[in-house]
>>> print(open('entry-v9.tsv').read())   # TSV, C-alpha atoms
chain	number	residue	atom	x	y	z
A	1	MET	CA	-12.69	-86.31	14.44
A	2	ASP	CA	-9.52	-86.68	16.42
A	3	LEU	CA	-8.43	-89.45	14.09
A	4	VAL	CA	-9.00	-87.27	11.03
A	5	LEU	CA	-6.94	-84.45	12.53
A	6	ASP	CA	-4.19	-86.86	13.52
A	7	VAL	CA	-4.01	-88.30	10.03
A	8	LEU	CA	-3.94	-84.78	8.56
A	9	ALA	CA	-1.12	-83.76	10.90
A	10	ALA	CA	0.80	-86.95	10.16
A	11	LEU	CA	0.48	-86.39	6.42
A	12	CYS	CA	1.69	-82.80	6.81
A	13	PHE	CA	4.70	-83.84	8.88
A	14	VAL	CA	5.66	-86.63	6.52
A	15	GLY	CA	5.29	-84.32	3.53
A	16	GLY	CA	7.36	-81.58	5.13
A	17	THR	CA	10.17	-83.87	6.19
A	18	ALA	CA	10.15	-85.60	2.79
A	19	LEU	CA	10.62	-82.19	1.15
A	20	THR	CA	13.55	-81.44	3.46
A	21	LEU	CA	15.15	-84.74	2.53
A	22	ALA	CA	14.50	-84.04	-1.14
A	23	ALA	CA	16.22	-80.67	-0.79
A	24	ALA	CA	19.25	-82.30	0.83
A	25	VAL	CA	19.43	-84.93	-1.91
A	26	GLY	CA	19.09	-82.19	-4.52
A	27	LEU	CA	21.92	-80.34	-2.86
A	28	ARG	CA	24.05	-83.46	-3.23
A	29	ARG	CA	23.19	-84.28	-6.81
A	30	PHE	CA	22.74	-80.99	-8.65
A	31	PRO	CA	25.82	-79.93	-10.59
A	32	ASP	CA	26.22	-76.17	-10.08
A	33	LEU	CA	25.31	-73.31	-7.79
A	34	LEU	CA	22.14	-72.13	-9.51
A	35	ALA	CA	20.72	-75.65	-9.60
A	36	ARG	CA	21.61	-76.10	-5.95
A	37	LEU	CA	19.84	-72.86	-5.12
A	38	HIS	CA	16.68	-74.39	-6.52
A	39	ALA	CA	16.67	-77.17	-3.93
A	40	PRO	CA	16.47	-75.34	-0.56
A	41	ALA	CA	13.41	-73.30	-1.54
A	42	LYS	CA	11.18	-76.35	-1.16
A	43	PRO	CA	11.58	-77.05	2.58
A	44	GLN	CA	11.99	-73.35	3.26
A	45	VAL	CA	8.50	-72.49	2.03
A	46	LEU	CA	6.26	-75.45	1.20
A	47	GLY	CA	7.89	-77.73	3.75
A	48	LEU	CA	7.51	-75.07	6.43
A	49	VAL	CA	3.86	-74.53	5.48
A	50	LEU	CA	3.21	-78.25	5.84
A	51	MET	CA	5.01	-78.63	9.15
A	52	LEU	CA	3.43	-75.51	10.64
A	53	THR	CA	0.02	-76.80	9.54
A	54	GLY	CA	0.73	-80.13	11.16
A	55	MET	CA	1.87	-78.42	14.35
A	56	ALA	CA	-1.14	-76.10	14.49
A	57	VAL	CA	-3.55	-78.99	13.85
A	58	THR	CA	-1.93	-81.10	16.55
A	59	LEU	CA	-1.86	-78.37	19.17
A	60	GLY	CA	-5.32	-77.07	18.18
A	61	ASP	CA	-5.01	-73.52	19.47
A	62	PRO	CA	-6.23	-70.62	17.25
A	63	GLY	CA	-3.84	-68.10	18.81
A	64	LEU	CA	-0.99	-70.44	18.06
A	65	ALA	CA	-2.09	-70.75	14.46
A	66	TRP	CA	-1.71	-67.01	14.00
A	67	THR	CA	1.80	-67.17	15.42
A	68	CYS	CA	2.51	-69.85	12.84
A	69	VAL	CA	1.26	-67.49	10.13
A	70	LEU	CA	3.66	-64.88	11.48
A	71	VAL	CA	6.57	-67.34	11.31
A	72	LEU	CA	5.58	-68.14	7.74
A	73	ILE	CA	5.47	-64.46	6.80
A	74	PHE	CA	8.96	-63.94	8.23
A	75	GLN	CA	10.24	-66.91	6.28
A	76	LEU	CA	8.56	-65.75	3.07
A	77	ILE	CA	10.28	-62.39	3.45
A	78	THR	CA	13.76	-63.68	4.27
A	79	ALA	CA	14.11	-66.83	2.15
A	80	PRO	CA	14.15	-64.99	-1.22
A	81	ILE	CA	16.72	-62.53	0.13
A	82	SER	CA	19.23	-65.25	0.91
A	83	ALA	CA	18.65	-67.03	-2.40
A	84	HIS	CA	18.97	-63.77	-4.32
A	85	MET	CA	22.16	-62.73	-2.55
A	86	ALA	CA	23.76	-66.15	-3.07
A	87	ALA	CA	22.90	-66.16	-6.79
A	88	ARG	CA	24.08	-62.58	-7.28
A	89	ALA	CA	27.37	-63.16	-5.47
A	90	GLY	CA	27.82	-66.44	-7.36
A	91	TYR	CA	27.43	-64.70	-10.70
A	92	ARG	CA	29.66	-61.77	-9.86
A	93	THR	CA	32.46	-63.94	-8.52
A	94	GLY	CA	32.46	-66.26	-11.53
A	95	HIS	CA	30.95	-69.38	-9.99
A	96	ILE	CA	28.25	-69.54	-12.67
A	97	ASP	CA	29.06	-70.44	-16.25
A	98	SER	CA	27.09	-68.12	-18.50
A	99	GLU	CA	27.16	-70.71	-21.31
A	100	THR	CA	24.91	-73.05	-19.31
A	101	LEU	CA	22.08	-70.50	-19.06
A	102	TYR	CA	19.21	-70.18	-21.56
A	103	VAL	CA	18.55	-66.56	-20.62
A	104	ASP	CA	21.27	-64.37	-19.16
A	105	GLU	CA	20.07	-60.81	-18.71
A	106	TYR	CA	22.43	-60.07	-15.85
A	107	ARG	CA	25.44	-60.31	-18.14
A	108	ARG	CA	24.01	-57.60	-20.37
A	109	ASP	CA	23.08	-55.44	-17.37
A	110	LEU	CA	26.54	-55.82	-15.87
A	111	ALA	CA	28.13	-54.85	-19.18
A	112	LEU	CA	25.84	-51.80	-19.42
A	113	SER	CA	26.61	-50.69	-15.87
A	114	GLN	CA	30.33	-51.08	-16.44
A	115	ARG	CA	30.09	-48.95	-19.58
A	116	ASP	CA	28.21	-46.28	-17.61
A	117	ASP	CA	30.93	-46.32	-14.97
A	118	GLU	CA	33.60	-45.81	-17.60
A	119	ASP	CA	31.72	-42.88	-19.13
A	120	GLU	CA	31.68	-41.00	-15.86
B	1	MET	CA	1.28	-91.07	16.16
B	2	THR	CA	4.55	-91.66	17.96
B	3	TRP	CA	5.79	-93.72	15.01
B	4	VAL	CA	5.06	-90.85	12.66
B	5	TYR	CA	7.14	-88.53	14.81
B	6	VAL	CA	9.99	-91.02	14.97
B	7	VAL	CA	9.99	-91.51	11.21
B	8	CYS	CA	9.82	-87.75	10.59
B	9	LEU	CA	12.66	-86.98	13.00
B	10	ALA	CA	14.79	-89.73	11.44
B	11	THR	CA	14.11	-88.34	7.95
B	12	LEU	CA	15.04	-84.84	9.09
B	13	ALA	CA	18.23	-86.12	10.69
B	14	LEU	CA	19.17	-87.90	7.47
B	15	ALA	CA	18.46	-84.73	5.46
B	16	VAL	CA	20.63	-82.62	7.76
B	17	VAL	CA	23.48	-85.13	7.58
B	18	VAL	CA	23.31	-85.11	3.77
B	19	ALA	CA	23.33	-81.30	3.82
B	20	VAL	CA	26.36	-81.34	6.12
B	21	THR	CA	28.26	-83.40	3.55
B	22	ARG	CA	27.60	-80.61	1.07
B	23	VAL	CA	28.88	-78.07	3.58
B	24	GLU	CA	32.03	-80.14	3.90
B	25	GLN	CA	32.61	-80.51	0.16
B	26	GLY	CA	31.75	-77.04	-1.03
B	27	PRO	CA	33.20	-76.47	-3.62
B	28	SER	CA	32.59	-72.75	-3.07
B	29	MET	CA	31.57	-70.79	0.01
B	30	LEU	CA	28.21	-70.03	-1.62
B	31	ASP	CA	27.41	-73.74	-1.97
B	32	ARG	CA	28.11	-74.07	1.72
B	33	ALA	CA	25.87	-71.12	2.51
B	34	VAL	CA	23.04	-72.68	0.50
B	35	ALA	CA	23.54	-75.98	2.32
B	36	ILE	CA	23.35	-74.12	5.63
B	37	ASP	CA	19.98	-72.79	4.50
B	38	VAL	CA	18.79	-76.38	4.18
B	39	ILE	CA	20.15	-77.15	7.64
B	40	THR	CA	18.22	-74.19	9.03
B	41	ALA	CA	15.05	-75.46	7.36
B	42	GLY	CA	15.67	-78.87	8.89
B	43	LEU	CA	16.17	-77.25	12.28
B	44	MET	CA	12.83	-75.49	11.97
B	45	GLY	CA	11.27	-78.83	11.13
B	46	PHE	CA	12.82	-80.35	14.26
B	47	VAL	CA	11.39	-77.56	16.39
B	48	ALA	CA	7.93	-77.87	14.80
B	49	ILE	CA	7.80	-81.64	15.36
B	50	THR	CA	9.13	-81.32	18.91
B	51	ALA	CA	6.48	-78.72	19.69
B	52	ALA	CA	3.74	-80.94	18.29
B	53	MET	CA	5.11	-84.03	20.04
B	54	THR	CA	5.50	-82.56	23.51
B	55	GLY	CA	2.85	-79.84	23.37
B	56	ARG	CA	5.40	-77.15	24.20
B	57	THR	CA	3.89	-74.07	22.61
B	58	ASP	CA	6.74	-71.81	23.76
B	59	LEU	CA	9.00	-73.35	21.11
B	60	ILE	CA	7.22	-71.38	18.39
B	61	ALA	CA	9.19	-68.30	19.43
B	62	ILE	CA	12.33	-70.21	18.40
B	63	MET	CA	10.83	-70.80	14.97
B	64	ALA	CA	10.04	-67.10	14.60
B	65	ALA	CA	13.62	-66.23	15.56
B	66	LEU	CA	15.04	-68.81	13.12
B	67	ALA	CA	12.83	-67.51	10.31
B	68	LEU	CA	14.01	-63.96	11.01
B	69	VAL	CA	17.76	-64.48	11.37
B	70	GLY	CA	18.31	-67.63	9.29
B	71	PHE	CA	19.07	-65.67	6.15
B	72	ILE	CA	21.75	-63.47	7.69
B	73	SER	CA	24.51	-66.07	7.38
B	74	THR	CA	23.88	-66.52	3.67
B	75	VAL	CA	23.76	-62.78	3.07
B	76	ALA	CA	26.98	-62.24	5.01
B	77	VAL	CA	28.81	-64.98	3.10
B	78	ALA	CA	27.46	-63.63	-0.19
B	79	ARG	CA	28.60	-60.09	0.61
B	80	PHE	CA	32.13	-61.19	1.38
B	81	ALA	CA	32.47	-63.76	-1.41
B	82	GLY	CA	35.29	-62.77	-3.69
B	83	ALA	CA	36.38	-63.91	-7.11
B	84	GLU	CA	39.10	-66.48	-6.52
B	85	SER	CA	40.95	-68.88	-8.77
B	86	ASP	CA	40.60	-72.66	-8.54
B	87	GLU	CA	43.93	-72.79	-6.73
B	88	GLU	CA	42.71	-70.43	-3.99
B	89	ARG	CA	39.32	-72.09	-3.80
B	90	ARG	CA	40.42	-75.61	-2.91
B	91	ILE	CA	40.75	-76.93	0.64
B	92	LEU	CA	44.32	-77.22	1.94
B	93	THR	CA	45.66	-80.67	2.69
B	94	ARG	CA	46.90	-81.39	6.18
B	95	GLU	CA	50.57	-81.12	5.18
B	96	GLU	CA	50.01	-77.77	3.48
B	97	LEU	CA	48.19	-76.40	6.51
B	98	GLU	CA	51.01	-77.49	8.82
B	99	ALA	CA	53.61	-75.92	6.52
B	100	LEU	CA	51.59	-72.71	6.44
B	101	LEU	CA	51.29	-72.57	10.22
B	102	ARG	CA	55.01	-73.34	10.65
B	103	ASP	CA	56.08	-70.50	8.37
B	104	GLU	CA	53.78	-68.01	10.00
B	105	PRO	CA	55.21	-66.17	13.02
B	106	GLN	CA	53.52	-67.59	16.08
B	107	LEU	CA	52.29	-65.26	18.80
B	108	ARG	CA	52.73	-66.63	22.32
B	109	ASP	CA	50.93	-65.32	25.35
B	110	GLU	CA	54.21	-64.60	27.20
B	111	ASP	CA	55.55	-62.32	24.47
B	112	ALA	CA	55.46	-58.57	24.83
B	113	PRO	CA	52.21	-57.17	23.46
B	114	VAL	CA	52.34	-55.90	19.89
B	115	HIS	CA	50.19	-52.96	20.74
B	116	ASP	CA	49.41	-51.98	24.31
B	117	VAL	CA	47.02	-49.07	24.65
B	118	ASP	CA	48.18	-48.41	28.22
B	119	GLN	CA	51.85	-47.93	27.37
B	120	THR	CA	51.70	-46.23	24.01
B	121	ALA	CA	49.08	-43.70	24.96
B	122	MET	CA	48.22	-40.88	22.66
B	123	PRO	CA	50.11	-37.65	23.52
B	124	ALA	CA	47.97	-35.17	25.38
B	125	PRO	CA	46.83	-32.17	23.34
B	126	GLY	CA	49.01	-29.79	25.40
B	127	ASP	CA	52.52	-31.24	25.07
B	128	ALA	CA	53.70	-30.66	21.53
B	129	THR	CA	56.82	-32.80	21.09
B	130	GLY	CA	58.59	-33.78	17.94
B	131	VAL	CA	59.07	-31.97	14.66
B	132	ASP	CA	55.62	-32.61	13.26
B	133	ASP	CA	53.82	-31.15	16.24
B	134	ALA	CA	56.17	-28.16	16.43
B	135	THR	CA	55.67	-27.26	12.79
B	136	ARG	CA	51.93	-27.73	13.16
B	137	VAL	CA	51.87	-25.35	16.14
B	138	ALA	CA	53.94	-22.84	14.18
B	139	ALA	CA	51.58	-23.11	11.25
B	140	ASP	CA	48.61	-22.58	13.53
B	141	GLU	CA	50.19	-19.43	15.00
B	142	GLY	CA	51.05	-18.14	11.59
B	143	GLY	CA	47.49	-18.67	10.41
B	144	GLY	CA	46.15	-16.82	13.43
B	145	ARG	CA	47.94	-13.58	12.63
>>> encode(input="entry-v9.tsv", output="structure tokens")
Amino acid sequence: MDLVLDVLAALCFVGGTALTLAAAVGLRRFPDLLARLHAPAKPQVLGLVLMLTGMAVTLGDPGLAWTCVLVLIFQLITAPISAHMAARAGYRTGHIDSETLYVDEYRRDLALSQRDDEDE
Amino acid sequence: MTWVYVVCLATLALAVVVAVTRVEQGPSMLDRAVAIDVITAGLMGFVAITAAMTGRTDLIAIMAALALVGFISTVAVARFAGAESDEERRILTREELEALLRDEPQLRDEDAPVHDVDQTAMPAPGDATGVDDATRVAADEGGGR
């Protein structure tokens, strides 16, 4: 049984660290800001799930597992905020080329809001 | 199991180093902020593996703190990111930085303070000196009547 748990923990750790490395490589290779934003989400959520699972399995304490769930909930709340803010600021400061996007609803919304501002 | 930990820590270290190269290159502040997110994720991985390796359960509090405050740097950078041209966006060369610092007036510690709160204290409410205060007092008296 110990061996099974050890193998499970090892697989989780290897998976989590591989995702982190994949995110770093993605950060290196992707061409623009929106593509680079895609990369960090993997270790931030799935990688963290895997590594917390590995840690909880290794330590084998139920109370600890719930703390891990808490950490995961915090991360699930805060990771989208940072990605959203970076993408929003990137668009509004002209780091994102609208021509490269298939769907660009923010451009329309920005134009609408600017028109509303001028009306007032 | 020790070999798994060693391999995982080495992979994480490699990932963080690769992310640091992105922080160095930019090209924009937002790219750097995103790269710092990856570094934070790598840091959380380090803490998780260290906790599992050494059995230190108190390290989980660090992970909770990292998960809570890790996003603040990105949000702060995003709030203060401004639209800037390619010329403003690039990193200065060493010569340009030295020229910039040479032209700027340097403040030395021995110089007289630019603003010393002890010496240029605010005038007390009672002593009305100067034209502005006198006219203000006159206006107040006129309004009272």
>>> interface_residues(input="entry-v9.tsv", of="chain B", to="chain A", cutoff="7 Å", atoms="all atoms listed in the file", output="mmCIF file with C-alpha atoms, in the coordinates of the input")
data_model
loop_
_atom_site.group_PDB
_atom_site.id
_atom_site.type_symbol
_atom_site.label_atom_id
_atom_site.label_comp_id
_atom_site.auth_asym_id
_atom_site.auth_seq_id
_atom_site.Cartn_x
_atom_site.Cartn_y
_atom_site.Cartn_z
ATOM 1 C CA VAL B 4 5.060 -90.850 12.660
ATOM 2 C CA CYS B 8 9.820 -87.750 10.590
ATOM 3 C CA THR B 11 14.110 -88.340 7.950
ATOM 4 C CA LEU B 12 15.040 -84.840 9.090
ATOM 5 C CA ALA B 15 18.460 -84.730 5.460
ATOM 6 C CA VAL B 18 23.310 -85.110 3.770
ATOM 7 C CA ALA B 19 23.330 -81.300 3.820
ATOM 8 C CA ARG B 22 27.600 -80.610 1.070
ATOM 9 C CA LEU B 30 28.210 -70.030 -1.620
ATOM 10 C CA ASP B 31 27.410 -73.740 -1.970
ATOM 11 C CA VAL B 34 23.040 -72.680 0.500
ATOM 12 C CA ALA B 35 23.540 -75.980 2.320
ATOM 13 C CA ASP B 37 19.980 -72.790 4.500
ATOM 14 C CA VAL B 38 18.790 -76.380 4.180
ATOM 15 C CA ALA B 41 15.050 -75.460 7.360
ATOM 16 C CA GLY B 42 15.670 -78.870 8.890
ATOM 17 C CA GLY B 45 11.270 -78.830 11.130
ATOM 18 C CA ALA B 48 7.930 -77.870 14.800
ATOM 19 C CA ILE B 49 7.800 -81.640 15.360
ATOM 20 C CA ALA B 52 3.740 -80.940 18.290
ATOM 21 C CA GLY B 55 2.850 -79.840 23.370
ATOM 22 C CA MET B 63 10.830 -70.800 14.970
ATOM 23 C CA ALA B 64 10.040 -67.100 14.600
ATOM 24 C CA ALA B 67 12.830 -67.510 10.310
ATOM 25 C CA LEU B 68 14.010 -63.960 11.010
ATOM 26 C CA PHE B 71 19.070 -65.670 6.150
ATOM 27 C CA THR B 74 23.880 -66.520 3.670
ATOM 28 C CA VAL B 75 23.760 -62.780 3.070
ATOM 29 C CA ALA B 78 27.460 -63.630 -0.190
ATOM 30 C CA ARG B 79 28.600 -60.090 0.610
ATOM 31 C CA ALA B 81 32.470 -63.760 -1.410
ATOM 32 C CA GLY B 82 35.290 -62.770 -3.690
ATOM 33 C CA ALA B 83 36.380 -63.910 -7.110
#
>>> atom_distance(input="entry-v9.tsv", atom1="CA of Leu14 (chain B)", atom2="CA of Phe46 (chain B)")
12.0 Å
>>> atom_distance(input="entry-v9.tsv", atom1="CA of Arg56 (chain B)", atom2="CA of Ile36 (chain B)")
26.0 Å
>>> atom_distance(input="entry-v9.tsv", atom1="CA of Asp104 (chain A)", atom2="CA of Val23 (chain B)")
27.6 Å
>>> closest_residue(input="entry-v9.tsv", among="B:Ile39, B:Ile62, B:Thr93, B:Thr54", to="Thr2 (chain B)", atoms="all atoms listed in the file")
B:Thr54
>>> decode(input="entry-v9.tsv", residues="region 60-100 of chain A", atoms="N, CA and C atoms", output="compact mmCIF listing (two decimals), in the first residue's frame")
# COMPACT_ATOMS: atom_id res chain seq x y z
N GLY A 60 -0.05 12.22 4.41
CA GLY A 60 -1.08 11.33 4.92
C GLY A 60 -1.79 11.81 6.16
N ASP A 61 -2.20 13.08 6.16
CA ASP A 61 -2.91 13.64 7.31
C ASP A 61 -4.19 14.29 6.81
N PRO A 62 -5.38 13.83 7.23
CA PRO A 62 -6.62 14.39 6.69
C PRO A 62 -6.77 15.88 6.96
N GLY A 63 -6.38 16.34 8.15
CA GLY A 63 -6.48 17.77 8.42
C GLY A 63 -5.66 18.59 7.46
N LEU A 64 -4.50 18.06 7.12
CA LEU A 64 -3.61 18.72 6.18
C LEU A 64 -4.24 18.80 4.80
N ALA A 65 -4.94 17.73 4.43
CA ALA A 65 -5.57 17.71 3.11
C ALA A 65 -6.58 18.84 2.98
N TRP A 66 -7.29 19.12 4.07
CA TRP A 66 -8.26 20.22 3.98
C TRP A 66 -7.57 21.56 3.86
N THR A 67 -6.43 21.71 4.53
CA THR A 67 -5.65 22.94 4.33
C THR A 67 -5.22 23.08 2.88
N CYS A 68 -4.85 21.95 2.27
CA CYS A 68 -4.49 21.99 0.85
C CYS A 68 -5.67 22.44 0.00
N VAL A 69 -6.87 21.97 0.35
CA VAL A 69 -8.06 22.41 -0.39
C VAL A 69 -8.23 23.92 -0.25
N LEU A 70 -7.96 24.42 0.95
CA LEU A 70 -8.07 25.86 1.18
C LEU A 70 -7.08 26.63 0.30
N VAL A 71 -5.83 26.15 0.26
CA VAL A 71 -4.82 26.78 -0.60
C VAL A 71 -5.30 26.79 -2.04
N LEU A 72 -5.87 25.67 -2.46
CA LEU A 72 -6.35 25.56 -3.84
C LEU A 72 -7.47 26.56 -4.10
N ILE A 73 -8.37 26.71 -3.12
CA ILE A 73 -9.48 27.66 -3.30
C ILE A 73 -8.94 29.08 -3.44
N PHE A 74 -7.98 29.43 -2.58
CA PHE A 74 -7.36 30.76 -2.70
C PHE A 74 -6.79 30.96 -4.09
N GLN A 75 -6.06 29.96 -4.56
CA GLN A 75 -5.41 30.09 -5.85
C GLN A 75 -6.45 30.18 -6.97
N LEU A 76 -7.53 29.41 -6.85
CA LEU A 76 -8.57 29.46 -7.89
C LEU A 76 -9.25 30.82 -7.91
N ILE A 77 -9.30 31.50 -6.75
CA ILE A 77 -9.90 32.82 -6.74
C ILE A 77 -8.95 33.85 -7.34
N THR A 78 -7.65 33.77 -6.99
CA THR A 78 -6.76 34.87 -7.34
C THR A 78 -6.12 34.72 -8.72
N ALA A 79 -5.92 33.49 -9.20
CA ALA A 79 -5.24 33.33 -10.49
C ALA A 79 -6.00 33.99 -11.64
N PRO A 80 -7.34 33.83 -11.75
CA PRO A 80 -8.04 34.50 -12.84
C PRO A 80 -7.97 36.01 -12.75
N ILE A 81 -7.91 36.55 -11.50
CA ILE A 81 -7.85 38.01 -11.36
C ILE A 81 -6.59 38.54 -12.03
N SER A 82 -5.46 37.91 -11.73
CA SER A 82 -4.20 38.43 -12.29
C SER A 82 -4.20 38.29 -13.81
N ALA A 83 -4.69 37.16 -14.31
CA ALA A 83 -4.70 36.97 -15.77
C ALA A 83 -5.63 37.99 -16.42
N HIS A 84 -6.78 38.22 -15.81
CA HIS A 84 -7.73 39.17 -16.37
C HIS A 84 -7.15 40.58 -16.38
N MET A 85 -6.53 40.98 -15.26
CA MET A 85 -6.00 42.33 -15.19
C MET A 85 -4.87 42.53 -16.20
N ALA A 86 -4.02 41.50 -16.35
CA ALA A 86 -2.91 41.64 -17.31
C ALA A 86 -3.46 41.76 -18.73
N ALA A 87 -4.47 40.94 -19.08
CA ALA A 87 -5.01 41.00 -20.43
C ALA A 87 -5.70 42.32 -20.68
N ARG A 88 -6.45 42.80 -19.70
CA ARG A 88 -7.18 44.06 -19.84
C ARG A 88 -6.21 45.22 -20.02
N ALA A 89 -5.20 45.27 -19.15
CA ALA A 89 -4.22 46.35 -19.26
C ALA A 89 -3.46 46.24 -20.57
N GLY A 90 -3.16 45.00 -21.00
CA GLY A 90 -2.45 44.83 -22.26
C GLY A 90 -3.26 45.35 -23.42
N TYR A 91 -4.56 45.10 -23.42
CA TYR A 91 -5.39 45.59 -24.52
C TYR A 91 -5.47 47.11 -24.50
N ARG A 92 -5.70 47.66 -23.32
CA ARG A 92 -5.95 49.10 -23.24
C ARG A 92 -4.69 49.91 -23.47
N THR A 93 -3.51 49.31 -23.29
CA THR A 93 -2.30 50.07 -23.54
C THR A 93 -1.67 49.70 -24.88
N GLY A 94 -2.41 48.97 -25.72
CA GLY A 94 -1.96 48.76 -27.09
C GLY A 94 -0.89 47.70 -27.24
N HIS A 95 -0.79 46.75 -26.31
CA HIS A 95 0.17 45.68 -26.49
C HIS A 95 -0.40 44.52 -27.30
N ILE A 96 -1.71 44.55 -27.57
CA ILE A 96 -2.34 43.45 -28.27
C ILE A 96 -2.84 43.95 -29.62
N ASP A 97 -2.45 43.25 -30.67
CA ASP A 97 -2.85 43.63 -32.01
C ASP A 97 -4.22 43.03 -32.29
N SER A 98 -5.20 43.90 -32.50
CA SER A 98 -6.57 43.44 -32.69
C SER A 98 -6.70 42.58 -33.94
N GLU A 99 -5.81 42.77 -34.92
CA GLU A 99 -5.91 42.02 -36.17
C GLU A 99 -5.62 40.54 -35.96
N THR A 100 -4.90 40.18 -34.89
CA THR A 100 -4.54 38.79 -34.69
C THR A 100 -5.63 38.00 -33.98
